[in-house]
$ cat upload24.txt   # compact mmCIF, C-alpha atoms
# COMPACT_ATOMS: atom_id res chain seq x y z
CA MET A 1 101.31 75.08 47.03
CA SER A 2 99.08 75.60 50.06
CA SER A 3 96.08 77.81 50.02
CA SER A 4 93.80 79.09 52.73
CA SER A 5 90.10 79.66 52.72
CA PRO A 6 88.67 83.20 52.70
CA ARG A 7 87.37 82.60 56.26
CA THR A 8 90.86 81.68 57.50
CA ALA A 9 92.39 84.72 55.85
CA MET A 10 89.76 86.99 57.38
CA ALA A 11 90.44 85.54 60.84
CA ARG A 12 94.19 86.09 60.39
CA ASP A 13 93.65 89.70 59.31
CA SER A 14 91.31 90.26 62.27
CA LYS A 15 93.98 89.06 64.73
CA LYS A 16 96.57 91.38 63.18
CA LYS A 17 94.20 94.34 63.47
CA LYS A 18 93.44 93.42 67.10
CA LYS A 19 97.15 93.33 67.96
CA LYS A 20 97.63 96.70 66.31
CA ARG A 21 94.73 98.14 68.32
CA LEU A 22 96.20 96.80 71.59
CA LYS A 23 99.63 98.20 70.85
CA GLY A 24 98.20 101.57 69.98
CA SER A 25 95.71 101.78 72.86
CA PRO A 26 95.84 104.85 75.15
CA VAL A 27 96.75 102.65 78.16
CA SER A 28 99.91 101.37 76.45
CA LYS A 29 101.15 104.95 76.14
CA LEU A 30 100.98 105.58 79.90
CA THR A 31 104.23 105.51 81.85
CA ASP A 32 104.67 102.94 84.62
CA ASP A 33 104.37 105.59 87.33
CA ILE A 34 101.09 106.97 85.96
CA LEU A 35 99.60 103.51 85.44
CA ALA A 36 100.65 102.44 88.95
CA ASP A 37 99.02 105.55 90.39
CA ILE A 38 95.75 104.73 88.59
CA ILE A 39 95.73 101.10 89.73
CA SER A 40 96.50 102.13 93.32
CA ARG A 41 93.15 103.94 93.51
CA VAL A 42 91.03 100.80 93.07
CA PRO A 43 90.08 98.38 95.90
CA TYR A 44 92.35 95.48 96.78
CA LYS A 45 90.09 92.90 95.10
CA SER A 46 90.22 94.83 91.82
CA THR A 47 94.01 95.16 92.13
CA CYS A 48 94.24 91.36 92.20
CA CYS A 49 92.21 91.21 88.97
CA CYS A 50 94.49 93.82 87.37
CA GLN A 51 97.44 91.44 87.76
CA CYS A 52 95.78 89.13 85.21
CA VAL A 53 95.48 91.79 82.49
CA SER A 54 99.02 91.46 81.14
CA THR A 55 102.59 90.64 82.08
CA ARG A 56 103.37 94.35 82.29
CA TRP A 57 100.53 94.99 84.74
CA ARG A 58 101.50 91.97 86.85
CA ASP A 59 105.15 93.05 87.09
CA LEU A 60 104.10 96.64 87.74
CA ILE A 61 101.88 95.73 90.70
CA SER A 62 104.39 93.30 92.22
CA HIS A 63 107.35 95.72 91.94
CA ARG A 64 108.53 96.82 95.39
CA GLU A 65 108.58 100.54 94.53
CA HIS A 66 104.99 100.46 93.30
CA GLN A 67 103.74 98.23 96.13
CA LYS A 68 104.11 101.27 98.37
CA LYS A 69 101.08 102.73 96.60
CA MET A 70 99.00 99.59 96.15
CA PRO A 71 96.16 98.64 98.51
CA GLN A 72 97.13 95.67 100.66
CA SER A 73 95.08 92.97 102.33
CA ILE A 74 95.50 91.38 105.76
CA ALA A 75 98.74 89.36 105.68
CA GLY A 76 98.14 87.73 109.06
CA PHE A 77 97.93 88.32 112.80
CA PHE A 78 100.45 89.17 115.49
CA HIS A 79 99.73 87.59 118.85
CA GLU A 80 101.53 86.73 122.05
CA GLY A 81 101.86 83.69 124.25
CA SER A 82 104.04 81.88 126.73
CA ASN A 83 107.11 79.81 125.93
CA ALA A 84 108.28 77.49 128.68
CA PHE A 85 111.47 76.50 126.84
CA ARG A 86 112.98 79.88 126.04
CA SER A 87 113.84 83.09 127.80
CA PRO A 88 112.04 85.41 128.01
CA ARG A 89 108.91 83.36 128.68
CA ASN A 90 106.76 85.95 126.87
CA ALA A 91 106.84 85.05 123.16
CA ARG A 92 105.52 86.75 120.01
CA TYR A 93 104.09 84.99 116.98
CA PHE A 94 102.88 85.87 113.50
CA THR A 95 100.29 83.68 111.80
CA ASN A 96 99.98 83.94 108.01
CA LEU A 97 96.59 83.92 106.35
CA SER A 98 98.23 82.48 103.25
CA ARG A 99 99.34 78.85 103.13
CA GLN A 100 103.01 79.76 103.29
CA ARG A 101 104.85 77.73 105.88
CA TYR A 102 107.08 80.48 107.25
CA PRO A 103 105.83 83.82 108.61
CA LEU A 104 105.70 86.65 106.07
CA VAL A 105 106.91 88.92 108.87
CA ASP A 106 109.53 88.16 111.53
CA PRO A 107 107.57 88.23 114.82
CA SER A 108 110.74 88.77 116.86
CA LEU A 109 110.99 92.35 115.54
CA SER A 110 114.74 91.90 115.86
CA PHE A 111 115.43 95.30 114.27
CA LEU A 112 114.17 97.04 117.43
CA PRO A 113 116.52 98.01 120.27
CA ASP A 114 117.05 95.48 123.04
CA CYS A 115 114.73 95.74 126.03
CA GLU A 116 113.72 93.61 128.99
CA ARG A 117 110.24 93.12 127.60
CA LEU A 118 108.36 94.29 124.50
CA ASP A 119 104.56 94.02 124.08
CA ILE A 120 102.49 94.73 120.98
CA LEU A 121 99.58 96.97 121.95
CA ASP A 122 97.95 97.90 118.66
CA GLY A 123 98.34 98.07 114.89
CA CYS A 124 97.08 100.50 112.27
CA ASN A 125 97.52 100.39 108.48
CA GLY A 126 100.90 98.65 108.51
CA LEU A 127 102.42 100.11 111.69
CA LEU A 128 102.62 98.55 115.16
CA LEU A 129 102.47 100.27 118.53
CA CYS A 130 104.64 98.53 121.13
CA HIS A 131 105.72 99.35 124.64
CA CYS A 132 109.16 98.61 125.99
CA TRP A 133 110.30 97.90 129.54
CA MET A 134 113.96 98.73 129.93
CA ALA A 135 114.71 97.55 133.48
CA VAL A 136 113.79 94.86 136.00
CA ASP A 137 111.66 97.49 137.69
CA PRO A 138 109.26 98.59 134.90
CA MET A 139 108.69 101.93 136.64
CA ALA A 140 112.33 102.81 136.04
CA PHE A 141 112.28 103.19 132.25
CA TYR A 142 109.33 102.80 129.93
CA TYR A 143 108.60 104.09 126.43
CA TYR A 144 106.63 103.36 123.28
CA VAL A 145 107.93 102.27 119.88
CA VAL A 146 106.06 102.68 116.59
CA CYS A 147 107.52 100.42 113.90
CA ASN A 148 107.01 99.05 110.41
CA PRO A 149 107.81 95.30 110.42
CA THR A 150 107.95 95.22 106.61
CA THR A 151 110.73 97.82 106.26
CA GLY A 152 112.33 97.62 109.71
CA LYS A 153 111.85 101.35 110.30
CA TRP A 154 110.98 102.46 113.83
CA VAL A 155 110.50 105.57 115.94
CA ALA A 156 110.74 105.86 119.73
CA VAL A 157 107.91 107.73 121.44
CA PRO A 158 108.60 109.23 124.88
CA ALA A 159 106.33 108.06 127.67
CA THR A 160 104.12 110.30 129.75
CA ASP A 161 104.36 110.38 133.54
CA GLY A 162 101.50 107.87 133.74
CA SER A 163 102.27 105.66 130.71
CA SER A 164 103.31 102.67 132.79
CA MET A 165 99.85 102.69 134.42
CA VAL A 166 97.80 103.23 131.24
CA SER A 167 95.89 100.12 130.19
CA VAL A 168 94.45 101.43 126.90
CA ALA A 169 96.80 102.94 124.28
CA ARG A 170 96.01 103.06 120.58
CA LEU A 171 97.76 103.99 117.33
CA VAL A 172 96.31 106.23 114.60
CA PHE A 173 97.88 106.28 111.14
CA ASP A 174 96.66 106.84 107.59
CA PRO A 175 99.41 106.52 104.93
CA ALA A 176 97.08 108.02 102.29
CA VAL A 177 97.02 111.27 104.27
CA SER A 178 100.47 111.58 105.84
CA SER A 179 103.52 109.65 107.01
CA HIS A 180 102.88 110.98 110.52
CA PHE A 181 101.08 109.07 113.25
CA GLN A 182 99.44 109.69 116.62
CA VAL A 183 99.42 107.68 119.85
CA PHE A 184 96.35 107.91 122.10
CA GLU A 185 96.50 107.24 125.84
CA PHE A 186 93.11 106.85 127.52
CA ILE A 187 93.77 107.78 131.13
CA ASP A 188 91.50 106.33 133.79
CA GLU A 189 91.26 107.03 137.51
CA GLN A 190 93.82 104.39 138.43
CA SER A 191 96.30 105.75 135.88
CA ARG A 192 96.06 109.13 137.57
CA GLY A 193 97.16 107.57 140.86
CA ILE A 194 93.87 107.79 142.74
CA ALA A 195 93.86 105.39 145.68
CA GLU A 196 91.70 102.31 145.23
CA ASP A 197 89.61 103.11 148.33
CA GLU A 198 88.74 106.49 146.78
CA LEU A 199 87.52 105.04 143.47
CA ASP A 200 83.83 104.87 142.69
CA ALA A 201 82.97 101.18 142.78
CA ASP A 202 80.39 101.63 140.00
CA CYS A 203 82.83 103.19 137.52
CA CYS A 204 86.24 101.84 138.43
CA GLY A 205 88.56 102.44 135.46
CA ARG A 206 86.40 105.27 134.16
CA ILE A 207 88.21 107.28 131.45
CA GLU A 208 88.80 110.83 132.66
CA ALA A 209 91.49 112.26 130.37
CA LEU A 210 93.13 111.76 127.00
CA ALA A 211 96.78 112.23 126.02
CA ILE A 212 97.69 112.44 122.31
CA TYR A 213 101.22 112.23 120.93
CA SER A 214 101.85 113.59 117.43
CA SER A 215 104.93 112.52 115.48
CA LYS A 216 104.66 115.82 113.60
CA THR A 217 105.09 117.99 116.71
CA GLY A 218 107.04 115.44 118.75
CA ALA A 219 105.00 116.30 121.84
CA TRP A 220 102.05 115.13 123.93
CA LYS A 221 98.94 117.19 124.52
CA TYR A 222 96.34 116.58 127.23
CA GLN A 223 92.65 117.22 127.61
CA THR A 224 89.86 116.17 129.91
CA VAL A 225 87.04 113.96 128.71
CA GLU A 226 83.70 115.67 129.13
CA HIS A 227 81.61 112.81 127.74
CA GLY A 228 80.73 109.72 129.69
CA PRO A 229 81.34 108.13 132.04
CA PHE A 230 82.60 105.17 130.04
CA VAL A 231 85.01 102.30 130.61
CA ILE A 232 87.16 100.82 127.83
CA PRO A 233 88.36 97.24 128.40
CA GLU A 234 92.09 96.71 127.95
CA ASN A 235 91.88 94.36 124.95
CA SER A 236 88.91 95.93 123.19
CA VAL A 237 89.18 95.66 119.39
CA SER A 238 89.38 99.23 118.08
CA ALA A 239 89.26 100.64 114.55
CA PHE A 240 90.54 103.77 112.81
CA PHE A 241 88.08 104.66 110.07
CA ASN A 242 87.40 107.88 108.13
CA GLY A 243 89.74 109.89 110.37
CA ILE A 244 88.02 108.72 113.56
CA LEU A 245 89.23 106.28 116.22
CA HIS A 246 86.50 103.91 117.43
CA LEU A 247 86.70 101.82 120.61
CA PRO A 248 84.01 99.54 122.01
CA ALA A 249 83.18 100.28 125.64
CA TYR A 250 80.58 98.78 127.93
CA GLU A 251 77.20 99.36 126.22
CA CYS A 252 78.54 101.97 123.75
CA VAL A 253 81.13 102.67 121.06
CA VAL A 254 83.44 105.61 121.81
CA ALA A 255 84.49 107.65 118.77
CA VAL A 256 87.03 110.49 118.78
CA ASP A 257 88.73 112.42 115.96
CA VAL A 258 92.51 112.64 115.54
CA GLU A 259 92.71 115.96 117.38
CA GLY A 260 90.63 114.75 120.31
CA ALA A 261 88.30 117.70 119.75
CA ASN A 262 85.12 115.86 118.71
CA TRP A 263 83.60 112.92 120.58
CA TRP A 264 80.66 110.61 120.00
CA LEU A 265 79.21 107.97 122.32
CA VAL A 266 77.15 105.65 120.12
CA ASP A 267 74.89 103.15 121.86
CA VAL A 268 75.47 99.56 120.77
CA PRO A 269 72.60 98.07 118.72
CA GLU A 270 71.80 95.47 121.36
CA PRO A 271 72.72 95.57 125.08
CA PRO A 272 75.19 92.80 126.04
CA TYR A 273 73.60 89.77 127.62
CA TYR A 274 76.10 89.87 130.49
CA ALA A 275 78.16 92.68 132.00
CA ASP A 276 81.62 91.65 130.74
CA CYS A 277 80.49 90.94 127.17
CA ILE A 278 81.53 93.55 124.60
CA GLY A 279 81.67 93.47 120.84
CA GLY A 280 84.31 94.68 118.41
CA VAL A 281 84.33 97.39 115.75
CA PHE A 282 85.84 96.73 112.33
CA PRO A 283 86.18 98.75 109.10
CA SER A 284 85.23 96.79 105.99
CA GLN A 285 84.10 97.61 102.46
CA GLY A 286 83.77 101.32 103.23
CA HIS A 287 81.63 100.86 106.35
CA LEU A 288 82.06 100.45 110.10
CA TYR A 289 80.81 97.15 111.49
CA PHE A 290 80.00 96.04 115.02
CA ALA A 291 80.11 92.33 115.81
CA GLU A 292 78.59 90.93 118.99
CA SER A 293 77.61 87.48 120.23
CA ASP A 294 75.06 86.33 122.79
CA ARG A 295 74.15 82.90 124.10
CA SER A 296 72.76 81.63 120.82
CA LYS A 297 73.96 83.75 117.87
CA LEU A 298 76.50 86.08 116.29
CA SER A 299 75.20 89.40 114.98
CA VAL A 300 76.97 91.88 112.70
CA TRP A 301 75.69 95.45 112.38
CA VAL A 302 76.69 98.41 110.18
CA LEU A 303 76.70 101.98 111.52
CA GLU A 304 74.52 104.32 109.46
CA ASP A 305 74.64 107.54 111.51
CA TYR A 306 76.80 108.77 114.43
CA VAL A 307 74.35 111.40 115.65
CA THR A 308 71.27 109.19 115.83
CA GLY A 309 73.24 106.04 116.62
CA LYS A 310 71.40 104.15 113.90
CA TRP A 311 72.64 100.61 113.21
CA THR A 312 71.41 98.27 110.49
CA LEU A 313 71.62 94.51 110.93
CA LYS A 314 73.86 93.08 108.20
CA HIS A 315 74.13 89.46 109.25
CA ASN A 316 72.72 87.13 111.88
CA VAL A 317 73.82 83.51 112.33
CA SER A 318 73.02 80.99 115.05
CA HIS A 319 75.88 79.25 116.82
CA LEU A 320 74.58 75.91 115.58
CA HIS A 321 74.77 77.06 111.96
CA LEU A 322 78.06 78.91 112.51
CA PHE A 323 80.03 76.07 114.10
CA GLY A 324 77.94 73.02 113.17
CA ARG A 325 77.68 69.99 115.42
CA GLU A 326 81.35 69.06 114.93
CA TYR A 327 82.60 72.32 116.48
CA SER A 328 79.59 73.09 118.70
CA SER A 329 81.83 73.40 121.79
CA PHE A 330 83.46 76.48 120.21
CA ALA A 331 80.24 78.42 120.82
CA ASP A 332 81.00 78.51 124.56
CA TYR A 333 84.14 80.57 124.13
CA TYR A 334 85.02 82.53 121.02
CA SER A 335 85.77 86.07 119.90
CA VAL A 336 85.65 87.95 116.61
CA ILE A 337 89.13 89.41 116.05
CA SER A 338 88.75 91.02 112.60
CA ILE A 339 86.64 91.43 109.46
CA HIS A 340 88.35 91.40 106.08
CA PRO A 341 88.63 94.95 104.67
CA GLU A 342 87.40 93.96 101.20
CA HIS A 343 85.16 90.92 101.78
CA GLY A 344 82.41 89.73 104.11
CA LEU A 345 84.90 87.43 105.83
CA ILE A 346 84.93 87.27 109.63
CA PHE A 347 87.98 86.00 111.53
CA ILE A 348 87.30 84.16 114.79
CA VAL A 349 89.45 82.63 117.53
CA SER A 350 87.73 79.97 119.61
CA GLY A 351 88.19 76.95 121.84
CA GLU A 352 90.88 75.95 124.33
CA GLU A 353 93.46 75.53 121.56
CA LYS A 354 92.66 79.02 120.23
CA THR A 355 91.61 77.81 116.78
CA LEU A 356 91.77 80.52 114.12
CA MET A 357 88.94 80.24 111.61
CA SER A 358 87.15 82.34 109.01
CA TYR A 359 83.43 82.61 108.35
CA ASP A 360 82.07 83.92 105.04
CA MET A 361 78.89 85.93 105.64
CA ASP A 362 77.91 85.60 101.96
CA SER A 363 78.30 81.84 101.51
CA GLY A 364 77.91 80.77 105.14
CA GLU A 365 81.12 78.70 104.87
CA LEU A 366 83.29 78.13 107.96
CA CYS A 367 86.98 77.45 107.31
CA ILE A 368 89.42 76.16 109.92
CA LEU A 369 92.73 77.94 109.34
CA ARG A 370 95.00 76.68 112.13
CA GLN A 371 95.43 76.21 115.86
CA LEU A 372 97.32 79.02 117.54
CA GLY A 373 97.84 77.05 120.76
CA TRP A 374 96.36 77.18 124.25
CA GLU A 375 99.07 79.58 125.47
CA CYS A 376 98.14 82.34 122.98
CA ARG A 377 96.32 85.38 124.28
CA PRO A 378 94.93 88.67 123.00
CA PRO A 379 95.39 91.10 121.48
CA TYR A 380 95.30 89.48 118.05
CA VAL A 381 96.58 92.33 115.88
CA PRO A 382 95.74 92.15 112.15
CA TYR A 383 98.66 93.24 110.01
CA VAL A 384 98.61 94.85 106.56
CA ARG A 385 102.04 95.14 104.93
CA LEU A 386 103.26 98.70 104.36
CA PHE A 387 106.14 99.24 101.91
CA SER A 388 106.61 102.95 102.45
CA GLU A 389 110.05 103.84 103.84
CA SER A 390 108.81 107.06 105.46
CA LEU A 391 107.73 106.93 109.08
CA GLY A 392 106.68 110.13 110.81
CA ASP A 393 109.93 111.92 110.01
CA GLU A 394 108.83 114.49 107.43
CA ASN A 395 108.32 117.80 109.26
$ encode --input "upload24.txt" --output "structure tokens"
Amino acid sequence: MSSSSPRTAMARDSKKKKKKRLKGSPVSKLTDDILADIISRVPYKSTCCCQCVSTRWRDLISHREHQKKMPQSIAGFFHEGSNAFRSPRNARYFTNLSRQRYPLVDPSLSFLPDCERLDILDGCNGLLLCHCWMAVDPMAFYYYVVCNPTTGKWVAVPATDGSSMVSVARLVFDPAVSSHFQVFEFIDEQSRGIAEDELDADCCGRIEALAIYSSKTGAWKYQTVEHGPFVIPENSVSAFFNGILHLPAYECVVAVDVEGANWWLVDVPEPPYYADCIGGVFPSQGHLYFAESDRSKLSVWVLEDYVTGKWTLKHNVSHLHLFGREYSSFADYYSVISIHPEHGLIFIVSGEEKTLMSYDMDSGELCILRQLGWECRPPYVPYVRLFSESLGDEN
């Protein structure tokens, strides 16, 4: 006849009481929908931790229906390049940030209607803005498409009279606010059809008007730009943050609200060291960051105030420390393409082979992710998966 010590019996009773407490806890009484709604309100990093709480929580977060609500991280980057062995020569790619071999998203976007050529212009919170050329002569038929690569949903957006000449078009979308989106066209002098010999040589490409398409109204509205002058480069890295679209221009950051009614021109924290050098703006950890490089270092600033244009230096790293001696040649040609939304992780493309790498501002660690190939070119569009089936169709 076996017997147990008082200590063993006490431990066994304690475990039973603990199990009873867990089963009867207030959280266990919540329905899946309520619990999913609570978890969806925490940052992405905390959501990852929640998956380790229990099997129920893990299955709840990974379920497709609940993933629509959950915060998502950057899955990878869309980018374009040339393909000498296939037609058309213009090719699209998607590079995972995970170690999965095959792309998480089909870069062909095969669910879209056939067109002569399709280019990805911008991305915002899980949606892509593309433009389509429907004839050999691109002036014949041109329009935009806004699509969700995760669900295959898409909406055609009619072009304006000058869309085929517009070099800067951006997408605005916040799934936490509405399923509707807006497309911004920044119209410069050349887009308006002004002859080249009539353009001011000092402000060629100066933005003079703004056209905004709303999926809610199904129409474009126009307004003149009273601030400036300013010039926005074609492949500038923009950011939609706190209901405001931000675009880096030469020596300033242009900010405009979703209605195009309020504008800010915020001076960059440090003037570029040569005329064609501009930085990028990136939302991360609840702040707006500006990343800029000069001949010797990479600097990252955080915007404190729109009105005063106050920036605070967050991080400064020399090229020698950033790339080390092994990759010192990368310092001659590189660009910051994104900052992780939940971490101090900077994504960089550099070198002739367009090497994608990440740099951790906290640890100072540089990680080589993969080579994209010499034929790849900007824009490099970060993509966050969006599982919502609705796309600007709820009037």
$ closest_residue --input "upload24.txt" --among "A:Val349, A:Leu322, A:Leu129, A:Ile368" --to "Tyr334 of chain A" --atoms "only C-alpha atoms"
A:Val349
$ closest_residue --input "upload24.txt" --among "A:Ser299, A:Ser293, A:Leu366, A:Ala239" --to "Gly324 of chain A" --atoms "all atoms listed in the file"
A:Leu366
$ residues_around --input "upload24.txt" --residues "Met361 of chain A" --least-positions-apart "4" --cutoff "7 Å" --atoms "all atoms listed in the file" --output "JSON, numbers by chain"
{"A": [315, 344, 345]}
$ closest_residue --input "upload24.txt" --among "A:Arg58, A:His131, A:His227, A:Arg41" --to "Val168 of chain A" --atoms "only C-alpha atoms"
A:His131
$ residues_around --input "upload24.txt" --residues "segment 104-108 of chain A" --least-positions-apart "2" --cutoff "12 Å" --atoms "only C-alpha atoms" --output "PyMOL selection string"
chain A and resi 74-81+88+90-102+110-114+117-120+126+128+148-152+381+383-386
$ write_last_selection --input "upload24.txt" --atoms "C-alpha atoms" --output "mmCIF file, keeping the file's coordinate frame"
data_model
loop_
_atom_site.group_PDB
_atom_site.id
_atom_site.type_symbol
_atom_site.label_atom_id
_atom_site.label_comp_id
_atom_site.auth_asym_id
_atom_site.auth_seq_id
_atom_site.Cartn_x
_atom_site.Cartn_y
_atom_site.Cartn_z
ATOM 1 C CA ILE A 74 95.500 91.380 105.760
ATOM 2 C CA ALA A 75 98.740 89.360 105.680
ATOM 3 C CA GLY A 76 98.140 87.730 109.060
ATOM 4 C CA PHE A 77 97.930 88.320 112.800
ATOM 5 C CA PHE A 78 100.450 89.170 115.490
ATOM 6 C CA HIS A 79 99.730 87.590 118.850
ATOM 7 C CA GLU A 80 101.530 86.730 122.050
ATOM 8 C CA GLY A 81 101.860 83.690 124.250
ATOM 9 C CA PRO A 88 112.040 85.410 128.010
ATOM 10 C CA ASN A 90 106.760 85.950 126.870
ATOM 11 C CA ALA A 91 106.840 85.050 123.160
ATOM 12 C CA ARG A 92 105.520 86.750 120.010
ATOM 13 C CA TYR A 93 104.090 84.990 116.980
ATOM 14 C CA PHE A 94 102.880 85.870 113.500
ATOM 15 C CA THR A 95 100.290 83.680 111.800
ATOM 16 C CA ASN A 96 99.980 83.940 108.010
ATOM 17 C CA LEU A 97 96.590 83.920 106.350
ATOM 18 C CA SER A 98 98.230 82.480 103.250
ATOM 19 C CA ARG A 99 99.340 78.850 103.130
ATOM 20 C CA GLN A 100 103.010 79.760 103.290
ATOM 21 C CA ARG A 101 104.850 77.730 105.880
ATOM 22 C CA TYR A 102 107.080 80.480 107.250
ATOM 23 C CA SER A 110 114.740 91.900 115.860
ATOM 24 C CA PHE A 111 115.430 95.300 114.270
ATOM 25 C CA LEU A 112 114.170 97.040 117.430
ATOM 26 C CA PRO A 113 116.520 98.010 120.270
ATOM 27 C CA ASP A 114 117.050 95.480 123.040
ATOM 28 C CA ARG A 117 110.240 93.120 127.600
ATOM 29 C CA LEU A 118 108.360 94.290 124.500
ATOM 30 C CA ASP A 119 104.560 94.020 124.080
ATOM 31 C CA ILE A 120 102.490 94.730 120.980
ATOM 32 C CA GLY A 126 100.900 98.650 108.510
ATOM 33 C CA LEU A 128 102.620 98.550 115.160
ATOM 34 C CA ASN A 148 107.010 99.050 110.410
ATOM 35 C CA PRO A 149 107.810 95.300 110.420
ATOM 36 C CA THR A 150 107.950 95.220 106.610
ATOM 37 C CA THR A 151 110.730 97.820 106.260
ATOM 38 C CA GLY A 152 112.330 97.620 109.710
ATOM 39 C CA VAL A 381 96.580 92.330 115.880
ATOM 40 C CA TYR A 383 98.660 93.240 110.010
ATOM 41 C CA VAL A 384 98.610 94.850 106.560
ATOM 42 C CA ARG A 385 102.040 95.140 104.930
ATOM 43 C CA LEU A 386 103.260 98.700 104.360
#
$ residues_around --input "upload24.txt" --residues "segment 339-342 of chain A" --least-positions-apart "6" --cutoff "12 Å" --atoms "all atoms listed in the file" --output "number ranges by chain"
A: 42-48, 71-76, 97, 125, 237-239, 241, 280-291, 300, 348, 357-361, 381-384
$ write_last_selection --input "upload24.txt" --atoms "C-alpha atoms" --output "PDB file, keeping the file's coordinate frame"
ATOM      1  CA  VAL A  42      91.030 100.800  93.070  1.00  0.00           C
ATOM      2  CA  PRO A  43      90.080  98.380  95.900  1.00  0.00           C
ATOM      3  CA  TYR A  44      92.350  95.480  96.780  1.00  0.00           C
ATOM      4  CA  LYS A  45      90.090  92.900  95.100  1.00  0.00           C
ATOM      5  CA  SER A  46      90.220  94.830  91.820  1.00  0.00           C
ATOM      6  CA  THR A  47      94.010  95.160  92.130  1.00  0.00           C
ATOM      7  CA  CYS A  48      94.240  91.360  92.200  1.00  0.00           C
ATOM      8  CA  PRO A  71      96.160  98.640  98.510  1.00  0.00           C
ATOM      9  CA  GLN A  72      97.130  95.670 100.660  1.00  0.00           C
ATOM     10  CA  SER A  73      95.080  92.970 102.330  1.00  0.00           C
ATOM     11  CA  ILE A  74      95.500  91.380 105.760  1.00  0.00           C
ATOM     12  CA  ALA A  75      98.740  89.360 105.680  1.00  0.00           C
ATOM     13  CA  GLY A  76      98.140  87.730 109.060  1.00  0.00           C
ATOM     14  CA  LEU A  97      96.590  83.920 106.350  1.00  0.00           C
ATOM     15  CA  ASN A 125      97.520 100.390 108.480  1.00  0.00           C
ATOM     16  CA  VAL A 237      89.180  95.660 119.390  1.00  0.00           C
ATOM     17  CA  SER A 238      89.380  99.230 118.080  1.00  0.00           C
ATOM     18  CA  ALA A 239      89.260 100.640 114.550  1.00  0.00           C
ATOM     19  CA  PHE A 241      88.080 104.660 110.070  1.00  0.00           C
ATOM     20  CA  GLY A 280      84.310  94.680 118.410  1.00  0.00           C
ATOM     21  CA  VAL A 281      84.330  97.390 115.750  1.00  0.00           C
ATOM     22  CA  PHE A 282      85.840  96.730 112.330  1.00  0.00           C
ATOM     23  CA  PRO A 283      86.180  98.750 109.100  1.00  0.00           C
ATOM     24  CA  SER A 284      85.230  96.790 105.990  1.00  0.00           C
ATOM     25  CA  GLN A 285      84.100  97.610 102.460  1.00  0.00           C
ATOM     26  CA  GLY A 286      83.770 101.320 103.230  1.00  0.00           C
ATOM     27  CA  HIS A 287      81.630 100.860 106.350  1.00  0.00           C
ATOM     28  CA  LEU A 288      82.060 100.450 110.100  1.00  0.00           C
ATOM     29  CA  TYR A 289      80.810  97.150 111.490  1.00  0.00           C
ATOM     30  CA  PHE A 290      80.000  96.040 115.020  1.00  0.00           C
ATOM     31  CA  ALA A 291      80.110  92.330 115.810  1.00  0.00           C
ATOM     32  CA  VAL A 300      76.970  91.880 112.700  1.00  0.00           C
ATOM     33  CA  ILE A 348      87.300  84.160 114.790  1.00  0.00           C
ATOM     34  CA  MET A 357      88.940  80.240 111.610  1.00  0.00           C
ATOM     35  CA  SER A 358      87.150  82.340 109.010  1.00  0.00           C
ATOM     36  CA  TYR A 359      83.430  82.610 108.350  1.00  0.00           C
ATOM     37  CA  ASP A 360      82.070  83.920 105.040  1.00  0.00           C
ATOM     38  CA  MET A 361      78.890  85.930 105.640  1.00  0.00           C
ATOM     39  CA  VAL A 381      96.580  92.330 115.880  1.00  0.00           C
ATOM     40  CA  PRO A 382      95.740  92.150 112.150  1.00  0.00           C
ATOM     41  CA  TYR A 383      98.660  93.240 110.010  1.00  0.00           C
ATOM     42  CA  VAL A 384      98.610  94.850 106.560  1.00  0.00           C
TER      43      VAL A 384
END
$ residues_around --input "upload24.txt" --residues "His321 of chain A" --least-positions-apart "3" --cutoff "10 Å" --atoms "only C-alpha atoms" --output "number ranges by chain"
A: 297, 317-318, 324-325, 328, 364-366
$ atom_distance --input "upload24.txt" --atom1 "atom CA of Glu292 of chain A" --atom2 "atom CA of Leu313 of chain A"
11.2 Å
$ closest_residue --input "upload24.txt" --among "A:Tyr144, A:Asn242, A:Asn235, A:Cys367" --to "Ala176 of chain A" --atoms "only C-alpha atoms"
A:Asn242
$ residues_around --input "upload24.txt" --residues "Cys252 of chain A" --least-positions-apart "2" --cutoff "7 Å" --atoms "all atoms listed in the file" --output "PyMOL selection string"
chain A and resi 248-250+254+265-268
$ atom_distance --input "upload24.txt" --atom1 "atom CA of Tyr222 of chain A" --atom2 "atom CA of Leu171 of chain A"
16.1 Å
$ closest_residue --input "upload24.txt" --among "A:Cys115, A:Leu391, A:Val183, A:Ala331" --to "Ala169 of chain A" --atoms "all atoms listed in the file"
A:Val183
